[in-house]
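Notes follow once the structure below has been shown.
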Amino acid sequence: MLFGLDGVEIGIIIVFLTLFAGILSGFPVAFAIGGAAVISFTIIAGLDSSGYLIHMAVDTGSAEYAALIAQGIPADAISVFRNPDLPRYATALFPNGWEQALDRNVGFLVNRMNERVLAGQSIETLLAVLMFVMMGIVLERSRIADELLTTMARVFGPLPGGLAVSIVIVGAFLAASTGIVGATVVTMGLLALPTMLKNGYSPELSTGVIAASGTLGQIIPPSIVIVLLGTLAGDLYSAAQEERAQLAGCSDALTFLGEPAVVSVGTLFQAALLPGILLAFLYAAYAFGFALMNPSKAPPVRMGDSHGKEVITRNDALTWFLAVPVGLIVLIIGFGQVNIVGNQSVIVDSYTDAGQTSSLRTNVSETCAASMIDLHGQAAWDQALAEQAAIDDAGGVVEARELSPEERADAVTAKIEAAAPIGTGIAVMALLAGLALAIARGVAPSAHAAPLIAGAAGVLALLLVDILLVSPITTPGATTLLIALPLIVTFYGLRHAAHRMFANDILRVVFPPLVLIIAVLGSILGGITNPTPAAALGAGGAILLATYRKLQDQGKSGRMVLWTTAAIVVMLIVGTNFDMRLGKEEVLFENRVAFLVAFAAFLFSMFGLLWSCWTLAAGGVLSPVVRETAKVTSMVFTILIGSQLLNLVLISFGGEHYIQQFLRSFDNEWTVFLIVMLVLFVLGFVLDFLEIIYIVIPIVGPVIYGGTFDPKWVTIMIAVNLQTSFLTPPFGFALFYLRGVAPKDITTGQIYRGVMPFIGIQVLGLLLLALVPGFVTIIPNLLN
């Protein structure tokens, strides 16, 4: 054996050394990965053909091997790491020649490209990457960061370390609205770094907080990292748990786990929300603590009045910004708990519900039953047996049957009687209107209150009309007519509220992108839609927002953008509340009218979007946005193709299986996970997150997703770990971005020293997530 190493080990070393050399050579990473695959396969094939690479394989025909099989040990669980004393024999890496391996790789590559790049199940999710990238670039070009930094500096500047805290807040805000690390770091480096240095801030703290805050886009949704990881995690978790179930003696993962082995990108967005907020809080806490300990290196700075001419007293702020909004939210939640607010749908199924099955499948083999008891515990197994016995005594599971007209009528009557007096949609509308009116009162307490009082009266009238006149069987058309007058009065108050709120600098800057973030993330986190349509909504909203900003800069009216936004809202509301199916035998007149209204709103919104694109193109904004989006997206997909080729090279000589056997040789699942996390952390010094996701995760994923850990927790831990790849010297990309825009008197050493505490915070965040997994799982568990 060459250098005393197994041939497979040498092959793995050659693959990764070639990869590192290709990346460090200066060639574009997307092409360096594919080139490394071709070069490494050529080197390995040449050495193997010359007899230099010898693999010592386990002799599956030996008596010792047969004895292990006879003990019931699965063949996949037998390896040279767990059973080093087994007889082995020398063989070439490519027993049938490298030509056959190359032919097989080409076939596999075509199949993988078809599955993962061209026509696979994950393609729809990958399309979200394109639109999230476009959303981020459009918002970055619309000067959102400029105004956010200026406004937040006015608010937090007078506090110790206030400028650093404002950088963290803006970084978190940009992460939720753009998610593009490079653009965020460069923008904040150009705008905020000179201001911080001029006001006496330490170069280390200034550069560190900018670089770290810029990387929050890696974890705070909508994160491209989460989208890409999610497409892999779903496949890896499903396949790994199926293999785990087979090894446990069960027929499938559903039987063994008692639940489907699935994890979606939307669920991962839910899981990533709280860890992202936690990291932002830790960054801000460090900046504030640093300022308290070193006041001369992070002094308070007054950047001007943040509220304009209006004087807002503490009592007004506490009343209208805290007490009233919290009271309204608590009131609505309380009404929901006592069924005053709730669902008013009277739709019933045509069939009865099928009978309840046992919590676990009990009709399994003895081996599977023993494995399920080990996994779920004896109490859960006994409960499932008792449930199944009760079902059997009752004659088996009750099958669904079609309801008779009388039964359907009775079911509808029962739903009408149980319906809440206030519908959820009306309650949410009233809550949002109430919050807007309260905030408007708070930002202008000295202004005349009559319009806002009228708006509040309209909200109360809306609720009273819903309680007294609208029943669950009232048609949408009749409901619209009944609530029309209260809505007109409410909108009168909201119109005045909007003028007052947008006169405030903070609300004028924060409100539009905040609405877009809530629309995109709310639709995903609430389970209304999946990430791809939400990304399309975000891209369209970003185009409208950028157009509005562009028109304002040119001194023109943005009324067309506002009307387009209103048309989109009308289209969504009408489409949600009315039956748009005109192909039915009987179509109500109000549904025909609603269809025409929705269709007209659709045509107008499409015209408005096209007009906005034309406005941005004429202003020189759209062309660079399209070019940058095409560059980023093509890089992602090219890396995906090259990484598939590199993985196939590893598979061709058994390298991937060899690594997985090594990891599975450890009995402690935590040990395996810590090894993987340490490897990912070290690779982050050299590789970008894209290379790690597409090259390393498919190798180690079958092991770390094949255990007992929650797949959501595993994925978020990986994502937070990958976030350090942007910060860790010497190849952290955030450091390169910041170095490119930092003043010449800022040294690279100062940047490196500045990020060190934040790397420590990253590690602390990982430890907190490891010790308290509830940070990851609580939101998905509550929402689902």
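Lettering and numbering for the structure tokens are positional, with chains as A, B, ... in the shown order, residues counted from 1 in each chain, and ligands counted from 1 in the shown order.
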
Selection: 9 Å around range 132-147 of chain A, only C-alpha atoms, excl. self and same-chain fewer than 2 positions, as a compact mmCIF listing (two decimals) with all heavy atoms, in the first residue's frame:
# COMPACT_ATOMS: atom_id res chain seq x y z
N LEU A 127 -36.26 26.88 -7.50
CA LEU A 127 -36.67 28.11 -8.17
C LEU A 127 -36.83 29.26 -7.18
O LEU A 127 -36.69 30.42 -7.55
CB LEU A 127 -38.00 27.88 -8.91
CG LEU A 127 -37.93 27.02 -10.18
CD1 LEU A 127 -39.32 26.80 -10.74
CD2 LEU A 127 -37.04 27.67 -11.22
N ALA A 128 -37.13 28.92 -5.91
CA ALA A 128 -37.23 29.97 -4.89
C ALA A 128 -35.90 30.69 -4.71
O ALA A 128 -35.88 31.87 -4.37
CB ALA A 128 -37.70 29.36 -3.57
N VAL A 129 -34.78 29.98 -4.94
CA VAL A 129 -33.47 30.61 -4.82
C VAL A 129 -33.37 31.79 -5.77
O VAL A 129 -32.95 32.90 -5.41
CB VAL A 129 -32.35 29.59 -5.09
CG1 VAL A 129 -30.99 30.27 -5.11
CG2 VAL A 129 -32.38 28.49 -4.05
N LEU A 130 -33.77 31.56 -7.03
CA LEU A 130 -33.69 32.63 -8.04
C LEU A 130 -34.49 33.84 -7.60
O LEU A 130 -34.00 34.98 -7.67
CB LEU A 130 -34.21 32.08 -9.37
CG LEU A 130 -34.13 32.99 -10.60
CD1 LEU A 130 -34.03 32.14 -11.88
CD2 LEU A 130 -35.34 33.90 -10.74
N LEU A 149 -29.99 52.50 7.95
CA LEU A 149 -28.82 52.82 8.77
C LEU A 149 -28.94 54.22 9.35
O LEU A 149 -28.66 54.44 10.54
CB LEU A 149 -27.56 52.69 7.93
CG LEU A 149 -27.04 51.27 7.68
CD1 LEU A 149 -25.95 51.26 6.64
CD2 LEU A 149 -26.52 50.67 8.98
N THR A 150 -29.36 55.17 8.54
CA THR A 150 -29.48 56.54 9.02
C THR A 150 -30.52 56.65 10.13
O THR A 150 -30.29 57.25 11.18
CB THR A 150 -29.86 57.48 7.86
OG1 THR A 150 -28.87 57.38 6.83
CG2 THR A 150 -29.95 58.91 8.34
N THR A 151 -31.67 56.00 9.92
CA THR A 151 -32.75 56.09 10.89
C THR A 151 -32.40 55.39 12.20
O THR A 151 -32.63 55.92 13.30
CB THR A 151 -34.04 55.48 10.30
OG1 THR A 151 -34.35 56.15 9.07
CG2 THR A 151 -35.19 55.62 11.26
N MET A 152 -31.87 54.17 12.11
CA MET A 152 -31.53 53.42 13.31
C MET A 152 -30.39 54.10 14.09
O MET A 152 -30.34 54.02 15.32
CB MET A 152 -31.15 51.99 12.96
CG MET A 152 -32.32 51.17 12.44
SD MET A 152 -33.69 51.13 13.62
CE MET A 152 -35.00 50.47 12.60
N VAL A 170 -30.04 46.60 11.79
CA VAL A 170 -30.16 46.75 10.34
C VAL A 170 -29.72 45.46 9.64
O VAL A 170 -30.33 45.04 8.66
CB VAL A 170 -29.32 47.95 9.86
CG1 VAL A 170 -29.28 47.99 8.33
CG2 VAL A 170 -29.90 49.24 10.40
N GLY A 171 -28.67 44.82 10.16
CA GLY A 171 -28.24 43.55 9.57
C GLY A 171 -29.31 42.49 9.64
O GLY A 171 -29.54 41.75 8.67
N LEU A 174 -32.07 43.52 7.12
CA LEU A 174 -31.67 43.23 5.74
C LEU A 174 -31.61 41.73 5.49
O LEU A 174 -31.88 41.27 4.38
CB LEU A 174 -30.31 43.86 5.45
CG LEU A 174 -30.25 45.39 5.43
CD1 LEU A 174 -28.84 45.87 5.17
CD2 LEU A 174 -31.20 45.94 4.38
N ALA A 175 -31.25 40.95 6.52
CA ALA A 175 -31.23 39.50 6.37
C ALA A 175 -32.62 38.97 6.05
O ALA A 175 -32.79 38.07 5.22
CB ALA A 175 -30.69 38.84 7.64
N SER A 177 -34.99 40.67 4.64
CA SER A 177 -35.54 41.23 3.41
C SER A 177 -34.68 40.94 2.19
O SER A 177 -35.19 40.90 1.07
CB SER A 177 -35.70 42.75 3.56
OG SER A 177 -34.47 43.36 3.89
N THR A 178 -33.39 40.71 2.36
CA THR A 178 -32.53 40.44 1.21
C THR A 178 -31.87 39.08 1.29
O THR A 178 -31.90 38.31 0.34
CB THR A 178 -31.44 41.52 1.07
OG1 THR A 178 -30.55 41.44 2.19
CG2 THR A 178 -32.05 42.91 1.01
N GLY A 179 -31.27 38.74 2.44
CA GLY A 179 -30.64 37.43 2.60
C GLY A 179 -29.36 37.25 1.81
O GLY A 179 -28.89 36.13 1.65
N ILE A 180 -28.77 38.33 1.30
CA ILE A 180 -27.55 38.23 0.50
C ILE A 180 -26.41 38.82 1.31
O ILE A 180 -26.35 40.02 1.57
CB ILE A 180 -27.70 38.97 -0.84
CG1 ILE A 180 -28.88 38.38 -1.62
CG2 ILE A 180 -26.44 38.88 -1.66
CD1 ILE A 180 -29.19 39.11 -2.90
N ALA A 183 -23.87 41.61 -0.45
CA ALA A 183 -24.46 42.93 -0.62
C ALA A 183 -24.63 43.63 0.72
O ALA A 183 -24.39 44.84 0.84
CB ALA A 183 -25.81 42.81 -1.33
N THR A 184 -25.03 42.90 1.75
CA THR A 184 -25.26 43.51 3.06
C THR A 184 -23.95 44.02 3.66
O THR A 184 -23.87 45.15 4.16
CB THR A 184 -25.91 42.49 4.01
OG1 THR A 184 -27.13 42.03 3.44
CG2 THR A 184 -26.20 43.12 5.36
N THR A 187 -22.60 47.05 1.60
CA THR A 187 -23.42 48.26 1.81
C THR A 187 -23.15 48.87 3.19
O THR A 187 -22.93 50.08 3.30
CB THR A 187 -24.91 47.91 1.68
OG1 THR A 187 -25.14 47.37 0.38
CG2 THR A 187 -25.77 49.15 1.86
N MET A 188 -23.18 48.05 4.23
CA MET A 188 -22.95 48.58 5.58
C MET A 188 -21.50 49.02 5.74
O MET A 188 -21.21 49.96 6.48
CB MET A 188 -23.33 47.54 6.63
CG MET A 188 -24.83 47.27 6.67
SD MET A 188 -25.38 46.46 8.19
CE MET A 188 -24.50 44.92 8.10
N LEU A 191 -21.36 52.52 4.09
CA LEU A 191 -22.17 53.56 4.71
C LEU A 191 -21.85 53.78 6.18
O LEU A 191 -21.79 54.92 6.65
CB LEU A 191 -23.66 53.22 4.56
CG LEU A 191 -24.21 53.14 3.14
CD1 LEU A 191 -25.65 52.68 3.16
CD2 LEU A 191 -24.08 54.48 2.44
N PRO A 222 -35.98 34.84 4.84
CA PRO A 222 -35.79 33.74 3.89
C PRO A 222 -34.32 33.59 3.52
O PRO A 222 -33.76 34.44 2.83
CB PRO A 222 -36.61 34.20 2.68
CG PRO A 222 -36.58 35.69 2.74
CD PRO A 222 -36.47 36.08 4.18
N SER A 223 -33.70 32.53 3.99
CA SER A 223 -32.28 32.29 3.80
C SER A 223 -32.06 31.33 2.64
O SER A 223 -32.67 30.25 2.58
CB SER A 223 -31.68 31.71 5.08
OG SER A 223 -30.43 31.13 4.84
N ILE A 224 -31.17 31.72 1.73
CA ILE A 224 -30.85 30.83 0.61
C ILE A 224 -30.19 29.56 1.13
O ILE A 224 -30.38 28.47 0.58
CB ILE A 224 -29.94 31.56 -0.39
CG1 ILE A 224 -30.70 32.74 -1.01
CG2 ILE A 224 -29.46 30.63 -1.49
CD1 ILE A 224 -29.85 33.61 -1.90
N VAL A 509 -39.46 54.63 6.87
CA VAL A 509 -38.37 53.79 6.35
C VAL A 509 -38.64 52.31 6.60
O VAL A 509 -38.41 51.47 5.73
CB VAL A 509 -37.03 54.21 7.02
CG1 VAL A 509 -35.93 53.24 6.65
CG2 VAL A 509 -36.67 55.62 6.59
N VAL A 510 -39.15 52.00 7.79
CA VAL A 510 -39.26 50.60 8.19
C VAL A 510 -40.53 49.94 7.67
O VAL A 510 -40.52 48.76 7.30
CB VAL A 510 -39.20 50.48 9.73
CG1 VAL A 510 -39.51 49.07 10.19
CG2 VAL A 510 -37.83 50.92 10.23
N PRO A 513 -40.73 47.89 3.76
CA PRO A 513 -40.07 46.58 3.70
C PRO A 513 -40.57 45.62 4.77
O PRO A 513 -40.56 44.40 4.56
CB PRO A 513 -38.59 46.92 3.90
CG PRO A 513 -38.56 48.25 4.54
CD PRO A 513 -39.76 48.97 4.05
N THR A 532 -41.72 28.74 -2.80
CA THR A 532 -41.60 29.23 -4.17
C THR A 532 -42.63 30.32 -4.50
O THR A 532 -42.25 31.40 -4.97
CB THR A 532 -41.70 28.06 -5.16
OG1 THR A 532 -40.71 27.09 -4.83
CG2 THR A 532 -41.46 28.54 -6.58
N ALA A 535 -41.67 33.37 -2.58
CA ALA A 535 -40.54 34.07 -3.17
C ALA A 535 -40.98 34.90 -4.37
O ALA A 535 -40.47 36.02 -4.59
CB ALA A 535 -39.47 33.05 -3.60
N ALA A 536 -41.92 34.38 -5.16
CA ALA A 536 -42.45 35.16 -6.28
C ALA A 536 -43.16 36.41 -5.79
O ALA A 536 -43.00 37.51 -6.35
CB ALA A 536 -43.41 34.29 -7.10
N GLY A 538 -42.46 37.94 -3.00
CA GLY A 538 -41.41 38.83 -2.52
C GLY A 538 -40.70 39.56 -3.65
O GLY A 538 -40.41 40.76 -3.54
N ALA A 539 -40.43 38.86 -4.76
CA ALA A 539 -39.76 39.49 -5.89
C ALA A 539 -40.64 40.57 -6.50
O ALA A 539 -40.18 41.68 -6.81
CB ALA A 539 -39.39 38.43 -6.94
N GLY A 540 -41.95 40.26 -6.67
CA GLY A 540 -42.86 41.27 -7.20
C GLY A 540 -43.00 42.46 -6.28
O GLY A 540 -42.99 43.62 -6.72
N GLY A 541 -43.11 42.19 -4.97
CA GLY A 541 -43.21 43.28 -4.01
C GLY A 541 -41.95 44.14 -3.98
O GLY A 541 -42.02 45.37 -3.84
N ALA A 542 -40.79 43.50 -4.12
CA ALA A 542 -39.53 44.26 -4.14
C ALA A 542 -39.47 45.17 -5.36
O ALA A 542 -38.98 46.31 -5.28
CB ALA A 542 -38.35 43.29 -4.12
N ILE A 543 -39.96 44.69 -6.50
CA ILE A 543 -39.98 45.51 -7.71
C ILE A 543 -40.87 46.74 -7.51
O ILE A 543 -40.51 47.87 -7.87
CB ILE A 543 -40.44 44.68 -8.92
CG1 ILE A 543 -39.36 43.66 -9.31
CG2 ILE A 543 -40.78 45.57 -10.12
CD1 ILE A 543 -39.79 42.69 -10.38
N LEU A 545 -41.69 48.13 -4.61
CA LEU A 545 -41.08 49.01 -3.62
C LEU A 545 -39.94 49.81 -4.23
O LEU A 545 -39.81 51.02 -3.99
CB LEU A 545 -40.57 48.18 -2.44
CG LEU A 545 -39.92 48.94 -1.28
CD1 LEU A 545 -40.86 49.99 -0.74
CD2 LEU A 545 -39.50 47.98 -0.18
N ALA A 546 -39.11 49.15 -5.05
CA ALA A 546 -38.00 49.85 -5.70
C ALA A 546 -38.51 50.91 -6.67
O ALA A 546 -37.92 51.99 -6.79
CB ALA A 546 -37.11 48.83 -6.43
N THR A 547 -39.61 50.60 -7.37
CA THR A 547 -40.19 51.58 -8.30
C THR A 547 -40.69 52.80 -7.54
O THR A 547 -40.48 53.95 -7.98
CB THR A 547 -41.34 50.94 -9.09
OG1 THR A 547 -40.85 49.77 -9.77
CG2 THR A 547 -41.90 51.91 -10.11
N ARG A 549 -39.63 53.94 -4.67
CA ARG A 549 -38.48 54.73 -4.22
C ARG A 549 -37.87 55.51 -5.40
O ARG A 549 -37.46 56.67 -5.25
CB ARG A 549 -37.42 53.80 -3.62
CG ARG A 549 -37.85 53.12 -2.33
CD ARG A 549 -37.79 54.09 -1.17
NE ARG A 549 -38.22 53.47 0.07
CZ ARG A 549 -37.43 52.79 0.89
NH1 ARG A 549 -36.16 52.63 0.59
NH2 ARG A 549 -37.92 52.28 2.00
N LYS A 550 -37.80 54.87 -6.56
CA LYS A 550 -37.22 55.53 -7.73
C LYS A 550 -38.05 56.74 -8.14
O LYS A 550 -37.51 57.81 -8.45
CB LYS A 550 -37.14 54.53 -8.88
CG LYS A 550 -36.40 55.05 -10.11
CD LYS A 550 -34.91 55.17 -9.82
CE LYS A 550 -34.13 55.59 -11.04
NZ LYS A 550 -32.68 55.76 -10.75
N VAL A 621 -31.94 50.63 -13.43
CA VAL A 621 -31.89 49.75 -12.25
C VAL A 621 -32.10 48.29 -12.63
O VAL A 621 -31.43 47.40 -12.11
CB VAL A 621 -32.95 50.19 -11.21
CG1 VAL A 621 -32.98 49.21 -10.03
CG2 VAL A 621 -32.68 51.59 -10.73
N LEU A 622 -33.02 48.03 -13.56
CA LEU A 622 -33.42 46.65 -13.84
C LEU A 622 -32.31 45.84 -14.51
O LEU A 622 -32.12 44.66 -14.18
CB LEU A 622 -34.67 46.64 -14.71
CG LEU A 622 -35.35 45.28 -14.89
CD1 LEU A 622 -35.82 44.75 -13.54
CD2 LEU A 622 -36.52 45.38 -15.85
N VAL A 625 -29.79 44.50 -12.07
CA VAL A 625 -30.46 43.53 -11.21
C VAL A 625 -30.58 42.19 -11.91
O VAL A 625 -30.29 41.14 -11.34
CB VAL A 625 -31.85 44.06 -10.80
CG1 VAL A 625 -32.70 42.92 -10.22
CG2 VAL A 625 -31.72 45.17 -9.78
N VAL A 626 -31.02 42.20 -13.18
CA VAL A 626 -31.17 40.96 -13.93
C VAL A 626 -29.81 40.29 -14.13
O VAL A 626 -29.68 39.06 -13.98
CB VAL A 626 -31.85 41.25 -15.28
CG1 VAL A 626 -31.84 40.01 -16.17
CG2 VAL A 626 -33.28 41.72 -15.06
N GLU A 628 -27.08 40.57 -12.25
CA GLU A 628 -26.57 40.04 -10.98
C GLU A 628 -27.35 38.81 -10.56
O GLU A 628 -26.77 37.84 -10.05
CB GLU A 628 -26.68 41.13 -9.91
CG GLU A 628 -25.91 40.83 -8.64
CD GLU A 628 -24.40 40.80 -8.85
OE1 GLU A 628 -23.92 41.43 -9.81
OE2 GLU A 628 -23.71 40.11 -8.06
N THR A 629 -28.67 38.82 -10.77
CA THR A 629 -29.48 37.65 -10.44
C THR A 629 -29.07 36.45 -11.28
O THR A 629 -28.95 35.32 -10.77
CB THR A 629 -30.97 37.95 -10.67
OG1 THR A 629 -31.35 39.08 -9.87
CG2 THR A 629 -31.84 36.76 -10.28
N ALA A 630 -28.84 36.68 -12.57
CA ALA A 630 -28.42 35.59 -13.45
C ALA A 630 -27.05 35.04 -13.03
O ALA A 630 -26.83 33.82 -13.03
CB ALA A 630 -28.37 36.07 -14.90
N VAL A 632 -25.62 35.08 -9.94
CA VAL A 632 -25.70 34.33 -8.68
C VAL A 632 -26.40 33.00 -8.90
O VAL A 632 -25.95 31.94 -8.42
CB VAL A 632 -26.42 35.16 -7.61
CG1 VAL A 632 -26.62 34.34 -6.35
CG2 VAL A 632 -25.63 36.42 -7.29
N THR A 633 -27.52 33.02 -9.63
CA THR A 633 -28.29 31.80 -9.83
C THR A 633 -27.51 30.79 -10.66
O THR A 633 -27.50 29.59 -10.35
CB THR A 633 -29.63 32.12 -10.52
OG1 THR A 633 -30.29 33.15 -9.79
CG2 THR A 633 -30.51 30.89 -10.57

- Task: Please give the complete set of residues from range 628-726 of chain A that DSSP, run on the backbone, assigns to helix (DSSP H, G or I), formatted as a PyMOL selection string.
- Result: chain A and resi 628-652+655-664+669-683+689-704+711-726

- Item | Contacts of Ala598 in chain A at 7 Å (only C-alpha atoms; same-chain gap of 4+ positions) as an MDAnalysis selection string | chainID A and resid 571 574:575 594 602

Per residue of range 596-651 of chain A within 10 Å of range 10-29 of chain A, record the nearest atom pair and its distance in Å to one decimal, counting only C-alpha atoms, with rows in chain order and ascending residue number, as a Markdown table.
| residue | atom | partner | partner_atom | distance |
| --- | --- | --- | --- | --- |
| A:Met635 | CA | A:Val29 | CA | 8.4 |
| A:Thr638 | CA | A:Val29 | CA | 9.2 |
| A:Ile639 | CA | A:Val29 | CA | 7.4 |
| A:Gly642 | CA | A:Val29 | CA | 9.5 |
| A:Leu646 | CA | A:Val15 | CA | 8.0 |
| A:Asn647 | CA | A:Val15 | CA | 9.6 |
| A:Val649 | CA | A:Val15 | CA | 8.2 |
| A:Leu650 | CA | A:Ile12 | CA | 7.0 |

With all heavy atoms retained, could you export that selection as a PDB file, in the first residue's frame?
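Writing done, so here's out27.pdb:
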ATOM      1  N   MET A 635     -24.328  30.556 -10.861  1.00  0.00           N
ATOM      2  CA  MET A 635     -23.248  30.037 -10.028  1.00  0.00           C
ATOM      3  C   MET A 635     -23.753  28.913  -9.133  1.00  0.00           C
ATOM      4  O   MET A 635     -23.115  27.862  -9.000  1.00  0.00           O
ATOM      5  CB  MET A 635     -22.663  31.160  -9.173  1.00  0.00           C
ATOM      6  CG  MET A 635     -21.551  30.706  -8.237  1.00  0.00           C
ATOM      7  SD  MET A 635     -21.106  31.940  -7.006  1.00  0.00           S
ATOM      8  CE  MET A 635     -22.548  31.939  -5.953  1.00  0.00           C
ATOM      9  N   THR A 638     -24.423  25.836 -11.323  1.00  0.00           N
ATOM     10  CA  THR A 638     -23.182  25.260 -11.840  1.00  0.00           C
ATOM     11  C   THR A 638     -22.428  24.532 -10.730  1.00  0.00           C
ATOM     12  O   THR A 638     -21.863  23.446 -10.953  1.00  0.00           O
ATOM     13  CB  THR A 638     -22.293  26.359 -12.456  1.00  0.00           C
ATOM     14  OG1 THR A 638     -23.036  27.090 -13.415  1.00  0.00           O
ATOM     15  CG2 THR A 638     -21.076  25.751 -13.133  1.00  0.00           C
ATOM     16  N   ILE A 639     -22.419  25.104  -9.538  1.00  0.00           N
ATOM     17  CA  ILE A 639     -21.804  24.415  -8.399  1.00  0.00           C
ATOM     18  C   ILE A 639     -22.553  23.125  -8.098  1.00  0.00           C
ATOM     19  O   ILE A 639     -21.942  22.092  -7.767  1.00  0.00           O
ATOM     20  CB  ILE A 639     -21.765  25.343  -7.172  1.00  0.00           C
ATOM     21  CG1 ILE A 639     -20.744  26.455  -7.381  1.00  0.00           C
ATOM     22  CG2 ILE A 639     -21.445  24.562  -5.900  1.00  0.00           C
ATOM     23  CD1 ILE A 639     -20.682  27.452  -6.249  1.00  0.00           C
ATOM     24  N   GLY A 642     -21.338  20.614 -10.722  1.00  0.00           N
ATOM     25  CA  GLY A 642     -19.959  20.190 -10.457  1.00  0.00           C
ATOM     26  C   GLY A 642     -19.845  19.348  -9.210  1.00  0.00           C
ATOM     27  O   GLY A 642     -19.082  18.369  -9.169  1.00  0.00           O
ATOM     28  N   LEU A 646     -18.299  15.549  -8.595  1.00  0.00           N
ATOM     29  CA  LEU A 646     -17.280  15.235  -7.597  1.00  0.00           C
ATOM     30  C   LEU A 646     -17.756  14.127  -6.658  1.00  0.00           C
ATOM     31  O   LEU A 646     -16.986  13.232  -6.297  1.00  0.00           O
ATOM     32  CB  LEU A 646     -16.937  16.496  -6.798  1.00  0.00           C
ATOM     33  CG  LEU A 646     -15.658  16.429  -5.959  1.00  0.00           C
ATOM     34  CD1 LEU A 646     -14.439  16.418  -6.873  1.00  0.00           C
ATOM     35  CD2 LEU A 646     -15.574  17.604  -5.004  1.00  0.00           C
ATOM     36  N   ASN A 647     -19.018  14.168  -6.274  1.00  0.00           N
ATOM     37  CA  ASN A 647     -19.551  13.102  -5.423  1.00  0.00           C
ATOM     38  C   ASN A 647     -19.543  11.761  -6.127  1.00  0.00           C
ATOM     39  O   ASN A 647     -19.279  10.721  -5.513  1.00  0.00           O
ATOM     40  CB  ASN A 647     -20.989  13.442  -4.995  1.00  0.00           C
ATOM     41  CG  ASN A 647     -21.040  14.459  -3.873  1.00  0.00           C
ATOM     42  OD1 ASN A 647     -20.124  14.539  -3.063  1.00  0.00           O
ATOM     43  ND2 ASN A 647     -22.078  15.257  -3.826  1.00  0.00           N
ATOM     44  N   VAL A 649     -17.377  10.818  -8.311  1.00  0.00           N
ATOM     45  CA  VAL A 649     -15.991  10.328  -8.286  1.00  0.00           C
ATOM     46  C   VAL A 649     -15.721   9.616  -6.969  1.00  0.00           C
ATOM     47  O   VAL A 649     -15.117   8.530  -6.940  1.00  0.00           O
ATOM     48  CB  VAL A 649     -15.008  11.501  -8.498  1.00  0.00           C
ATOM     49  CG1 VAL A 649     -13.571  11.050  -8.268  1.00  0.00           C
ATOM     50  CG2 VAL A 649     -15.158  12.077  -9.896  1.00  0.00           C
ATOM     51  N   LEU A 650     -16.158  10.199  -5.853  1.00  0.00           N
ATOM     52  CA  LEU A 650     -15.989   9.547  -4.552  1.00  0.00           C
ATOM     53  C   LEU A 650     -16.726   8.210  -4.503  1.00  0.00           C
ATOM     54  O   LEU A 650     -16.196   7.213  -4.006  1.00  0.00           O
ATOM     55  CB  LEU A 650     -16.507  10.460  -3.438  1.00  0.00           C
ATOM     56  CG  LEU A 650     -15.553  11.526  -2.895  1.00  0.00           C
ATOM     57  CD1 LEU A 650     -16.293  12.458  -1.961  1.00  0.00           C
ATOM     58  CD2 LEU A 650     -14.370  10.901  -2.190  1.00  0.00           C
TER      59      LEU A 650
END

- Message: Applying 12 Å and only C-alpha atoms, which residues near Leu232 in chain A remain after dropping the ones on its own chain fewer than 6 positions away? List them as number ranges by chain.
- Response: A: 116, 121-123, 125-126, 225-226, 238-240, 262-265, 268, 640, 692-702, 705, 711, 715

- Query: Which of these, A:Ile347, A:Leu375, A:Leu228, A:Val165, has the shortest distance to Ala298 in chain A once you count only C-alpha atoms?
  - Reply: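 Comparing A:Ile347, A:Leu375, A:Leu228, A:Val165 against Ala298 in chain A, the winner is A:Val165.
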
- Message: Based on the backbone DSSP call, show me all residues of range 248-468 of chain A assigned strand (DSSP E), as a list of chain:residue names.
- Response: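 DSSP-assigned strand (DSSP E) residues in range 248-468 of chain A: A:Val341, A:Gly342, A:Ile422, A:Gly423.
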
- Item | Spatial neighbours of Asp76 in chain A, 9 Å, only C-alpha atoms, chain gap at least 2 places, as a count of residues only | 6

- For Leu282 in chain A, which of A:Leu468, A:Met677, A:Val168, A:Ala253 is the closest residue, counting only C-alpha atoms?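 Of A:Leu468, A:Met677, A:Val168, A:Ala253, the one nearest Leu282 in chain A is A:Val168, counting only C-alpha atoms.
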
- Could you please determine the separation between CA of Glu407 in chain A and CA of Gln356 in chain A in Å, to one decimal place?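 Result for CA of Glu407 in chain A versus CA of Gln356 in chain A: 20.4 Å, one decimal.
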
- For Phe604 in chain A, list every protein, DNA or RNA residue within 9 Å, evaluated using only C-alpha atoms, and leave out those in the same chain fewer than 6 positions away; present the list as a PyMOL selection string. chain A and resi 563-564+567-568

- Query: Which is closer to Ala419 in chain A than all the others in A:Gly336, A:Gly526, A:Pro757, A:Pro260, using only C-alpha atoms?
  - Reply: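 So, comparing all the options, the nearest one is A:Gly336.
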
- Query: Which is closest to Leu322 in chain A among A:Ala534, A:Gly442, A:Val672, A:Leu197, if we use only C-alpha atoms?
  - Reply: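 Of A:Ala534, A:Gly442, A:Val672, A:Leu197, the one nearest Leu322 in chain A, counting only C-alpha atoms, is A:Gly442.
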